[in-house]
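Content type compact mmCIF, C-alpha atoms, from the file query-v5.txt:
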```
# COMPACT_ATOMS: atom_id res chain seq x y z
CA MET H 1085 -42.20 -17.92 -10.70
CA PRO H 1086 -41.23 -14.26 -10.44
CA ARG H 1087 -39.35 -13.25 -7.32
CA LEU H 1088 -41.09 -10.43 -5.48
CA VAL H 1089 -37.79 -9.10 -4.14
CA ASP H 1090 -34.53 -9.51 -6.02
CA HIS H 1091 -32.29 -9.98 -2.99
CA ASP H 1092 -29.08 -10.24 -5.03
CA ALA H 1093 -29.80 -6.93 -6.74
CA LYS H 1094 -30.60 -5.28 -3.40
CA ARG H 1095 -27.43 -6.68 -1.90
CA ARG H 1096 -25.37 -5.27 -4.80
CA GLU H 1097 -27.14 -1.91 -4.45
CA ILE H 1098 -26.16 -1.72 -0.77
CA LEU H 1099 -22.57 -2.73 -1.51
CA GLU H 1100 -22.32 -0.11 -4.25
CA VAL H 1101 -23.41 2.61 -1.79
CA THR H 1102 -21.19 1.20 0.95
CA TRP H 1103 -17.88 1.07 -0.88
CA ARG H 1104 -18.36 4.56 -2.31
CA LEU H 1105 -19.11 5.97 1.15
CA MET H 1106 -16.07 4.17 2.57
CA ALA H 1107 -13.86 5.46 -0.24
CA THR H 1108 -14.95 9.07 0.14
CA ARG H 1109 -15.45 9.29 3.92
CA GLY H 1110 -13.00 6.70 5.22
CA ALA H 1111 -13.78 3.08 6.08
CA ASP H 1112 -14.29 3.77 9.78
CA ALA H 1113 -16.12 7.07 9.40
CA ALA H 1114 -19.06 5.63 7.45
CA THR H 1115 -21.63 4.30 9.93
CA MET H 1116 -24.32 1.64 9.33
CA ARG H 1117 -26.88 4.43 9.84
CA GLU H 1118 -25.38 6.57 7.05
CA ILE H 1119 -25.01 3.61 4.73
CA ALA H 1120 -28.64 2.64 5.34
CA ARG H 1121 -29.79 6.23 4.71
CA GLU H 1122 -27.78 6.57 1.47
CA ALA H 1123 -29.09 3.22 0.24
CA GLY H 1124 -32.63 4.26 1.14
CA TYR H 1125 -33.10 1.61 3.81
CA ALA H 1126 -34.25 1.65 7.40
CA ASN H 1127 -31.48 0.53 9.73
CA GLY H 1128 -33.28 -2.73 10.44
CA ALA H 1129 -33.79 -3.52 6.75
CA LEU H 1130 -30.05 -3.14 6.13
CA ALA H 1131 -29.38 -5.63 8.96
CA TYR H 1132 -31.47 -8.17 7.02
CA TYR H 1133 -28.70 -8.27 4.40
CA PHE H 1134 -25.65 -7.63 6.59
CA ALA H 1135 -25.68 -8.60 10.27
CA ASN H 1136 -23.10 -6.01 11.32
CA LYS H 1137 -20.62 -3.47 10.05
CA GLU H 1138 -17.68 -5.89 9.83
CA THR H 1139 -19.69 -8.25 7.59
CA LEU H 1140 -20.75 -5.33 5.42
CA ILE H 1141 -17.20 -3.96 5.12
CA GLU H 1142 -15.84 -7.36 4.19
CA ALA H 1143 -18.53 -7.83 1.55
CA ALA H 1144 -17.79 -4.35 0.17
CA PHE H 1145 -14.12 -5.21 -0.27
CA VAL H 1146 -14.96 -8.47 -2.05
CA TYR H 1147 -17.44 -6.56 -4.22
CA VAL H 1148 -14.78 -4.05 -5.33
CA PHE H 1149 -12.26 -6.81 -6.05
CA ASP H 1150 -14.90 -8.68 -8.10
CA ARG H 1151 -15.78 -5.53 -10.05
CA THR H 1152 -12.11 -4.99 -10.90
CA ASN H 1153 -11.82 -8.58 -12.06
CA ASP H 1154 -14.94 -8.21 -14.22
CA ARG H 1155 -13.33 -5.21 -15.92
CA ILE H 1156 -10.07 -7.13 -16.37
CA ARG H 1157 -11.90 -10.03 -18.03
CA GLU H 1158 -13.67 -7.65 -20.41
CA ALA H 1159 -10.51 -5.67 -21.20
CA THR H 1160 -8.35 -8.71 -21.87
CA GLU H 1161 -10.90 -10.64 -23.92
CA GLY H 1162 -9.37 -11.85 -27.18
CA LEU H 1163 -5.91 -10.60 -26.13
CA ARG H 1164 -2.87 -12.60 -25.07
CA GLY H 1165 0.69 -12.10 -23.82
CA LEU H 1166 1.99 -8.55 -23.52
CA ALA H 1167 -1.16 -6.91 -24.91
CA ALA H 1168 -3.30 -8.73 -22.33
CA LEU H 1169 -0.79 -7.89 -19.59
CA ARG H 1170 -1.07 -4.20 -20.41
CA ALA H 1171 -4.88 -4.29 -20.56
CA PHE H 1172 -4.95 -6.16 -17.21
CA LEU H 1173 -2.79 -3.63 -15.42
CA VAL H 1174 -4.53 -0.60 -16.89
CA GLU H 1175 -7.68 -1.77 -15.07
CA VAL H 1176 -5.79 -1.94 -11.77
CA LEU H 1177 -3.83 1.34 -11.96
CA PRO H 1178 -5.66 4.31 -10.38
CA THR H 1179 -5.79 6.41 -13.56
CA THR H 1180 -9.53 7.15 -13.62
CA GLU H 1181 -12.07 8.53 -11.15
CA THR H 1182 -13.40 5.01 -10.48
CA THR H 1183 -10.04 3.26 -10.08
CA ARG H 1184 -8.82 6.12 -7.84
CA LEU H 1185 -11.90 5.64 -5.64
CA GLU H 1186 -11.20 1.90 -5.61
CA ALA H 1187 -7.65 2.58 -4.42
CA ARG H 1188 -9.07 4.61 -1.53
CA ILE H 1189 -10.94 1.54 -0.32
CA VAL H 1190 -7.94 -0.75 -0.84
CA LEU H 1191 -5.84 1.19 1.71
CA PRO H 1192 -8.15 0.58 4.71
CA PHE H 1193 -8.52 -3.00 3.49
CA TRP H 1194 -4.75 -3.53 3.69
CA SER H 1195 -4.68 -1.88 7.09
CA ARG H 1196 -7.15 -4.45 8.39
CA THR H 1197 -5.03 -7.35 7.14
CA VAL H 1198 -2.46 -6.49 9.85
CA ALA H 1199 -4.62 -7.57 12.77
CA ASP H 1200 -7.56 -9.40 11.18
CA GLU H 1201 -6.95 -12.95 9.95
CA ARG H 1202 -10.05 -12.96 7.71
CA PHE H 1203 -8.95 -9.86 5.83
CA ALA H 1204 -5.42 -11.22 5.58
CA GLU H 1205 -6.77 -14.38 3.95
CA LEU H 1206 -8.97 -12.42 1.53
CA ASN H 1207 -5.96 -10.35 0.49
CA ASP H 1208 -3.74 -13.43 0.14
CA ALA H 1209 -6.31 -15.11 -2.09
CA ALA H 1210 -6.63 -12.00 -4.27
CA MET H 1211 -2.87 -11.66 -4.67
CA ARG H 1212 -2.50 -15.39 -5.35
CA GLN H 1213 -5.08 -15.13 -8.14
CA TRP H 1214 -3.39 -12.14 -9.74
CA ARG H 1215 0.09 -13.67 -9.45
CA HIS H 1216 -1.23 -16.75 -11.24
CA GLU H 1217 -2.92 -14.74 -14.00
CA LEU H 1218 0.05 -12.38 -14.54
CA GLY H 1219 2.37 -15.41 -14.65
CA ASP H 1220 0.26 -17.00 -17.40
CA LEU H 1221 0.36 -13.82 -19.49
CA LEU H 1222 4.13 -13.50 -19.08
CA ARG H 1223 4.55 -17.08 -20.29
CA GLN H 1224 2.46 -16.25 -23.35
CA GLY H 1225 4.67 -13.18 -23.85
CA ARG H 1226 7.73 -15.42 -23.86
CA GLU H 1227 6.07 -17.77 -26.39
CA ASP H 1228 5.33 -14.77 -28.59
CA GLY H 1229 8.93 -13.52 -28.31
CA ASP H 1230 7.83 -10.27 -26.60
CA VAL H 1231 9.41 -11.21 -23.27
CA THR H 1232 13.10 -12.03 -23.57
CA VAL H 1233 14.70 -10.75 -20.34
CA THR H 1234 16.61 -13.34 -18.33
CA THR H 1235 14.89 -12.26 -15.09
CA PRO H 1236 12.77 -15.23 -13.90
CA ASP H 1237 9.01 -14.92 -14.36
CA ASP H 1238 8.21 -15.08 -10.65
CA VAL H 1239 10.42 -12.02 -10.10
CA LEU H 1240 8.76 -10.19 -13.01
CA VAL H 1241 5.30 -11.03 -11.66
CA GLU H 1242 6.26 -9.62 -8.29
CA GLN H 1243 7.65 -6.45 -9.89
CA LEU H 1244 4.44 -5.90 -11.84
CA LEU H 1245 2.26 -6.57 -8.81
CA ALA H 1246 4.37 -4.34 -6.55
CA MET H 1247 4.22 -1.49 -9.08
CA ALA H 1248 0.44 -1.79 -9.33
CA MET H 1249 -0.02 -2.04 -5.55
CA GLY H 1250 2.43 0.80 -4.85
CA LEU H 1251 0.47 3.06 -7.18
CA GLN H 1252 -2.66 2.45 -5.12
CA VAL H 1253 -0.90 4.59 -2.52
CA LEU H 1254 1.11 6.98 -4.68
CA ALA H 1255 -1.84 7.92 -6.90
CA THR H 1256 -4.26 8.36 -4.02
CA THR H 1257 -2.54 11.02 -1.91
CA HIS H 1258 -4.09 14.48 -1.93
CA GLY H 1259 -0.93 16.52 -2.41
CA ALA H 1260 1.02 15.06 -5.31
CA PRO H 1261 -0.75 11.99 -6.71
CA THR H 1262 1.13 10.24 -9.52
CA PRO H 1263 -0.62 11.55 -12.67
CA ALA H 1264 -2.37 9.06 -14.97
CA THR H 1265 0.06 9.89 -17.79
CA THR H 1266 3.04 9.07 -15.55
CA GLN H 1267 1.41 5.81 -14.44
CA LEU H 1268 0.93 4.71 -18.03
CA ALA H 1269 4.49 5.79 -18.90
CA MET H 1270 5.73 3.64 -15.97
CA LEU H 1271 3.79 0.66 -17.24
CA ASP H 1272 4.85 1.06 -20.87
CA ALA H 1273 8.52 1.63 -19.98
CA TYR H 1274 8.37 -1.53 -17.87
CA LEU H 1275 6.74 -3.61 -20.62
CA THR H 1276 9.26 -2.33 -23.20
CA GLY H 1277 12.03 -3.42 -20.82
CA LEU H 1278 10.71 -6.99 -20.87
CA ALA H 1279 12.10 -7.30 -24.40
CA GLY H 1280 15.65 -6.74 -23.15
CA ARG H 1281 18.56 -9.01 -22.34
CA MET O 609 23.09 21.80 34.80
CA PRO O 610 21.98 18.16 34.67
CA ARG O 611 18.38 17.51 33.69
CA LEU O 612 16.57 15.42 36.25
CA VAL O 613 14.32 13.90 33.61
CA ASP O 614 15.43 13.44 30.01
CA HIS O 615 12.08 14.15 28.40
CA ASP O 616 13.32 13.49 24.86
CA ALA O 617 14.60 10.06 25.83
CA LYS O 618 11.33 9.23 27.61
CA ARG O 619 9.37 10.40 24.60
CA ARG O 620 11.44 8.15 22.31
CA GLU O 621 10.98 5.26 24.72
CA ILE O 622 7.20 5.63 24.60
CA LEU O 623 7.21 5.89 20.79
CA GLU O 624 9.37 2.78 20.51
CA VAL O 625 6.85 0.81 22.59
CA THR O 626 3.92 2.37 20.75
CA TRP O 627 4.90 1.60 17.18
CA ARG O 628 5.82 -1.98 18.03
CA LEU O 629 2.46 -2.52 19.73
CA MET O 630 0.67 -0.98 16.74
CA ALA O 631 2.64 -3.14 14.30
CA THR O 632 1.94 -6.38 16.15
CA ARG O 633 -1.59 -5.76 17.43
CA GLY O 634 -2.99 -3.37 14.83
CA ALA O 635 -3.06 0.41 15.05
CA ASP O 636 -6.60 0.56 16.43
CA ALA O 637 -6.33 -2.41 18.75
CA ALA O 638 -3.54 -0.94 20.88
CA THR O 639 -5.09 1.22 23.60
CA MET O 640 -3.46 4.11 25.53
CA ARG O 641 -3.76 1.93 28.64
CA GLU O 642 -1.79 -0.94 27.07
CA ILE O 643 0.82 1.39 25.66
CA ALA O 644 1.24 3.02 29.07
CA ARG O 645 1.55 -0.38 30.76
CA GLU O 646 4.12 -1.69 28.24
CA ALA O 647 6.14 1.50 28.59
CA GLY O 648 5.95 1.25 32.38
CA TYR O 649 3.92 4.44 32.83
CA ALA O 650 0.76 5.28 34.68
CA ASN O 651 -1.96 6.38 32.26
CA GLY O 652 -1.70 9.95 33.50
CA ALA O 653 2.08 10.07 33.09
CA LEU O 654 1.72 9.00 29.44
CA ALA O 655 -0.74 11.84 28.89
CA TYR O 656 1.99 14.26 29.99
CA TYR O 657 3.86 13.40 26.79
CA PHE O 658 0.96 12.72 24.43
CA ALA O 659 -2.41 14.41 25.01
CA ASN O 660 -4.44 11.69 23.28
CA LYS O 661 -4.20 8.60 21.13
CA GLU O 662 -4.31 10.43 17.79
CA THR O 663 -1.33 12.59 18.79
CA LEU O 664 0.55 9.50 19.93
CA ILE O 665 -0.22 7.55 16.75
CA GLU O 666 0.88 10.45 14.57
CA ALA O 667 4.13 10.81 16.54
CA ALA O 668 4.73 7.04 16.23
CA PHE O 669 4.44 7.23 12.45
CA VAL O 670 6.85 10.17 12.25
CA TYR O 671 9.20 8.28 14.56
CA VAL O 672 9.25 5.21 12.29
CA PHE O 673 9.78 7.33 9.17
CA ASP O 674 12.67 9.17 10.91
CA ARG O 675 14.26 5.89 11.99
CA THR O 676 14.10 4.59 8.40
CA ASN O 677 15.72 7.79 7.17
CA ASP O 678 18.46 7.51 9.79
CA ARG O 679 19.24 4.02 8.51
CA ILE O 680 19.20 5.25 4.89
CA ARG O 681 21.67 8.02 5.73
CA GLU O 682 24.00 5.54 7.40
CA ALA O 683 23.71 2.95 4.64
CA THR O 684 24.31 5.42 1.79
CA GLU O 685 27.18 7.30 3.43
CA GLY O 686 30.13 7.55 1.09
CA LEU O 687 28.13 6.00 -1.77
CA ARG O 688 26.68 7.67 -4.87
CA GLY O 689 24.59 6.86 -7.93
CA LEU O 690 23.42 3.30 -8.41
CA ALA O 691 25.23 1.92 -5.33
CA ALA O 692 23.56 4.53 -3.12
CA LEU O 693 20.21 3.87 -4.81
CA ARG O 694 20.48 0.18 -3.97
CA ALA O 695 21.53 0.85 -0.36
CA PHE O 696 18.64 3.33 0.02
CA LEU O 697 16.01 0.90 -1.20
CA VAL O 698 17.36 -2.05 0.78
CA GLU O 699 16.53 -0.06 3.94
CA VAL O 700 12.95 0.46 2.75
CA LEU O 701 12.16 -3.06 1.51
CA PRO O 702 10.60 -5.33 4.17
CA THR O 703 13.36 -7.96 4.07
CA THR O 704 14.20 -8.09 7.80
CA GLU O 705 12.20 -8.54 11.00
CA THR O 706 12.42 -4.79 11.70
CA THR O 707 11.51 -3.55 8.22
CA ARG O 708 8.63 -6.06 8.07
CA LEU O 709 7.34 -4.68 11.37
CA GLU O 710 7.72 -1.16 9.97
CA ALA O 711 5.64 -2.16 6.95
CA ARG O 712 2.90 -3.32 9.30
CA ILE O 713 2.64 0.17 10.71
CA VAL O 714 2.79 1.81 7.28
CA LEU O 715 -0.45 0.11 6.19
CA PRO O 716 -2.68 1.66 8.90
CA PHE O 717 -0.85 4.95 8.29
CA TRP O 718 -1.86 4.89 4.62
CA SER O 719 -5.40 3.96 5.57
CA ARG O 720 -5.64 7.10 7.69
CA THR O 721 -4.50 9.32 4.81
CA VAL O 722 -7.82 8.61 3.08
CA ALA O 723 -9.97 10.57 5.54
CA ASP O 724 -7.45 12.50 7.67
CA GLU O 725 -5.86 15.60 6.15
CA ARG O 726 -2.95 15.65 8.65
CA PHE O 727 -1.92 12.10 7.82
CA ALA O 728 -2.31 12.81 4.11
CA GLU O 729 0.07 15.77 4.44
CA LEU O 730 2.61 13.74 6.44
CA ASN O 731 2.56 11.06 3.76
CA ASP O 732 2.87 13.60 0.94
CA ALA O 733 5.88 15.20 2.63
CA ALA O 734 7.56 11.82 3.10
CA MET O 735 6.98 10.81 -0.53
CA ARG O 736 8.13 14.23 -1.77
CA GLN O 737 11.38 13.84 0.20
CA TRP O 738 12.04 10.35 -1.15
CA ARG O 739 11.20 11.35 -4.74
CA HIS O 740 13.70 14.18 -4.44
CA GLU O 741 16.44 11.95 -2.99
CA LEU O 742 15.87 9.09 -5.47
CA GLY O 743 15.92 11.63 -8.32
CA ASP O 744 19.31 12.95 -7.17
CA LEU O 745 20.78 9.45 -7.06
CA LEU O 746 19.45 8.63 -10.54
CA ARG O 747 21.08 11.79 -11.90
CA GLN O 748 24.37 10.69 -10.35
CA GLY O 749 23.86 7.28 -11.95
CA ARG O 750 23.50 8.97 -15.35
CA GLU O 751 26.68 11.00 -14.75
CA ASP O 752 28.50 7.78 -13.87
CA GLY O 753 27.19 6.05 -17.00
CA ASP O 754 25.28 3.42 -14.97
CA VAL O 755 21.86 4.73 -15.99
CA THR O 756 21.40 4.90 -19.74
CA VAL O 757 17.73 4.04 -20.36
CA THR O 758 15.77 6.63 -22.30
CA THR O 759 12.89 6.53 -19.79
CA PRO O 760 12.71 9.96 -18.10
CA ASP O 761 14.00 10.15 -14.53
CA ASP O 762 10.64 11.17 -13.04
CA VAL O 763 9.10 7.98 -14.45
CA LEU O 764 12.00 5.89 -13.08
CA VAL O 765 11.66 7.52 -9.65
CA GLU O 766 7.98 6.67 -9.61
CA GLN O 767 8.68 3.06 -10.64
CA LEU O 768 11.23 2.66 -7.84
CA LEU O 769 8.94 4.25 -5.28
CA ALA O 770 5.92 2.21 -6.40
CA MET O 771 7.94 -1.02 -6.21
CA ALA O 772 9.11 -0.19 -2.68
CA MET O 773 5.63 0.87 -1.52
CA GLY O 774 3.95 -2.13 -3.16
CA LEU O 775 6.29 -4.46 -1.31
CA GLN O 776 5.15 -2.96 2.00
CA VAL O 777 1.89 -4.80 1.25
CA LEU O 778 3.11 -7.86 -0.63
CA ALA O 779 5.79 -8.74 1.93
CA THR O 780 3.52 -8.19 4.92
CA THR O 781 0.68 -10.60 4.23
CA HIS O 782 0.51 -13.72 6.39
CA GLY O 783 -0.09 -16.31 3.69
CA ALA O 784 2.45 -15.77 0.93
CA PRO O 785 4.70 -12.80 1.74
CA THR O 786 7.23 -11.96 -0.98
CA PRO O 787 10.47 -13.59 0.31
CA ALA O 788 13.47 -11.35 1.02
CA THR O 789 15.48 -13.09 -1.74
CA THR O 790 12.76 -12.32 -4.29
CA GLN O 791 12.59 -8.70 -3.14
CA LEU O 792 16.32 -8.26 -3.63
CA ALA O 793 16.14 -10.05 -7.01
CA MET O 794 13.37 -7.58 -8.02
CA LEU O 795 15.53 -4.65 -7.00
CA ASP O 796 18.69 -5.93 -8.69
CA ALA O 797 16.89 -6.88 -11.92
CA TYR O 798 15.40 -3.39 -11.97
CA LEU O 799 18.74 -1.66 -11.37
CA THR O 800 20.42 -3.81 -14.06
CA GLY O 801 17.67 -2.74 -16.45
CA LEU O 802 18.59 0.92 -15.90
CA ALA O 803 21.71 0.30 -17.99
CA GLY O 804 19.59 -0.55 -21.04
CA ARG O 805 18.45 1.35 -24.10
```
Represent the structure from my file as structure tokens, please.
Amino acid sequence: MPRLVDHDAKRREILEVTWRLMATRGADAATMREIAREAGYANGALAYYFANKETLIEAAFVYVFDRTNDRIREATEGLRGLAALRAFLVEVLPTTETTRLEARIVLPFWSRTVADERFAELNDAAMRQWRHELGDLLRQGREDGDVTVTTPDDVLVEQLLAMAMGLQVLATTHGAPTPATTQLAMLDAYLTGLAGR
Amino acid sequence: MPRLVDHDAKRREILEVTWRLMATRGADAATMREIAREAGYANGALAYYFANKETLIEAAFVYVFDRTNDRIREATEGLRGLAALRAFLVEVLPTTETTRLEARIVLPFWSRTVADERFAELNDAAMRQWRHELGDLLRQGREDGDVTVTTPDDVLVEQLLAMAMGLQVLATTHGAPTPATTQLAMLDAYLTGLAGR
């Protein structure tokens, strides 16, 4: 039986418009009215999918995180250890137009975690997942002999995660964003250092 | 001639109340009315010092950044190179109750840089200042023979800054904040690595 309306596709379409508006205009500046207009919906039709702005914003954040993870899965397919670690982090660093836009939606997301328990939990879950995945890749790196530093893995994971999260800010500022070449040099210098004492 | 009212002291008093309210309740949740009440002012008297909430919020951010820099100056006094670098970063990492609170005000600050040119410029200026200072300390470290890695200094500065900024997020989340001991282990492992190839 064919579905007359593909609700999942419509939902994704709205989220795609929403996160881009939030990233370019600011999370608070984009109104439901604007989002509806950009997505080609009447205000009421948008409300069919998302009851209010908070629900929509939350779904947009989850959407962006899921997109990033889809890219990570693709980029790391068939890789392991240090090579997979590099491919993983390249998808997170704001080196391209898309990942820079994504960083601009991550900042208001973090801001909301301060006072909003739901956003705090979403962020915790995301970080937990990445810590787990980065930890697995580091362990593979040790098996392969590419990671030999005596620094414990949980400290290395936190260093990698902090570098990637810090760049969401440093590469997003208008004035002197960290250039893509510098970001990749940071990553490669770090990974080279893993094969130290 | 004695001043009947020490306006600078009153201004600082209001900013002290303001940033703590913003850090605990969220930057948007704290209203001018609440801030006035906590500071022991009538609404109108608060407006004498800060015309509106945006002006107050901006001043609160500058106040927190200045306080951090005061602490850095104190902590690094008489030190140079790697020792000064460590003391500098310890004041920025969210390892204490105060620095964790400061991180909770940094997140909404960053969020505002996305859509607000004034906040973006404030953030750029702050990062420019820290890049400059961290660069100076790294150069001293090279002179002292404590920094021998071949990675260029501008890449090292960016790694240090990204680690410190990333921890503002990772150590602030409710669920699994990066413990202070792990943060210091991250910093020390990084600094040890500077004396590598």
In terms of only C-alpha atoms, the residue from H:Glu1161, H:Asp1090, H:Glu1175, H:Asp1150 at minimal distance from Ala1248 in chain H is H:Glu1175
*Selection near range 1112-1124 of chain H, 10 Å with all atoms listed in the file, sequence-local residues under 3 positions removed, as a list in words*: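 My list of contacting residues is Lys1094, Glu1097, Ile1098, Leu1099, Glu1100, Val1101, Thr1102, Trp1103, Arg1104, Leu1105, Met1106, Ala1107, Thr1108, Arg1109, Asn1127, Gly1128, Ala1129, Leu1130, Ala1131, Phe1134, Asn1136, Lys1137, Leu1140, Ile1141 and Pro1192 of chain H; Ser719, Arg720 and Ala723 of chain O.
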Need the shell around Val1233 in chain H: protein/DNA/RNA residues with any atom at most 8 Å away, counting all atoms listed in the file. Skip same-chain ones fewer than 6 positions apart. Format as a ChimeraX atom specification? /H:1277-1281
Please, which residues of chain H lie no more than 6 Å from chain O when the count uses all atoms listed in the file, and can they be set out as a PyMOL selection string? chain H and resi 1109-1110+1191-1192+1195+1198-1199+1208+1239+1246-1247+1249-1251+1259+1270
Task: Protein/DNA/RNA residues near (26.1, 4.5, -12.7), cut 7 Å, only C-alpha atoms, as a list of chain:residue names - done: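 Selection result: O:Gly689, O:Leu690, O:Gln748, O:Gly749, O:Arg750, O:Glu751, O:Asp752, O:Gly753, O:Asp754, O:Val755.
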Using all atoms listed in the file, can you tell me which of O:Leu709, O:Leu742, O:Ala788, O:Ala668 comes closest to Ile680 in chain O?
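Using all atoms listed in the file, Ile680 in chain O sits closest to O:Leu742.
Of note, CA of Leu1169 in chain H and CA of Glu1181 in chain H are spaced 21.6 Å apart.
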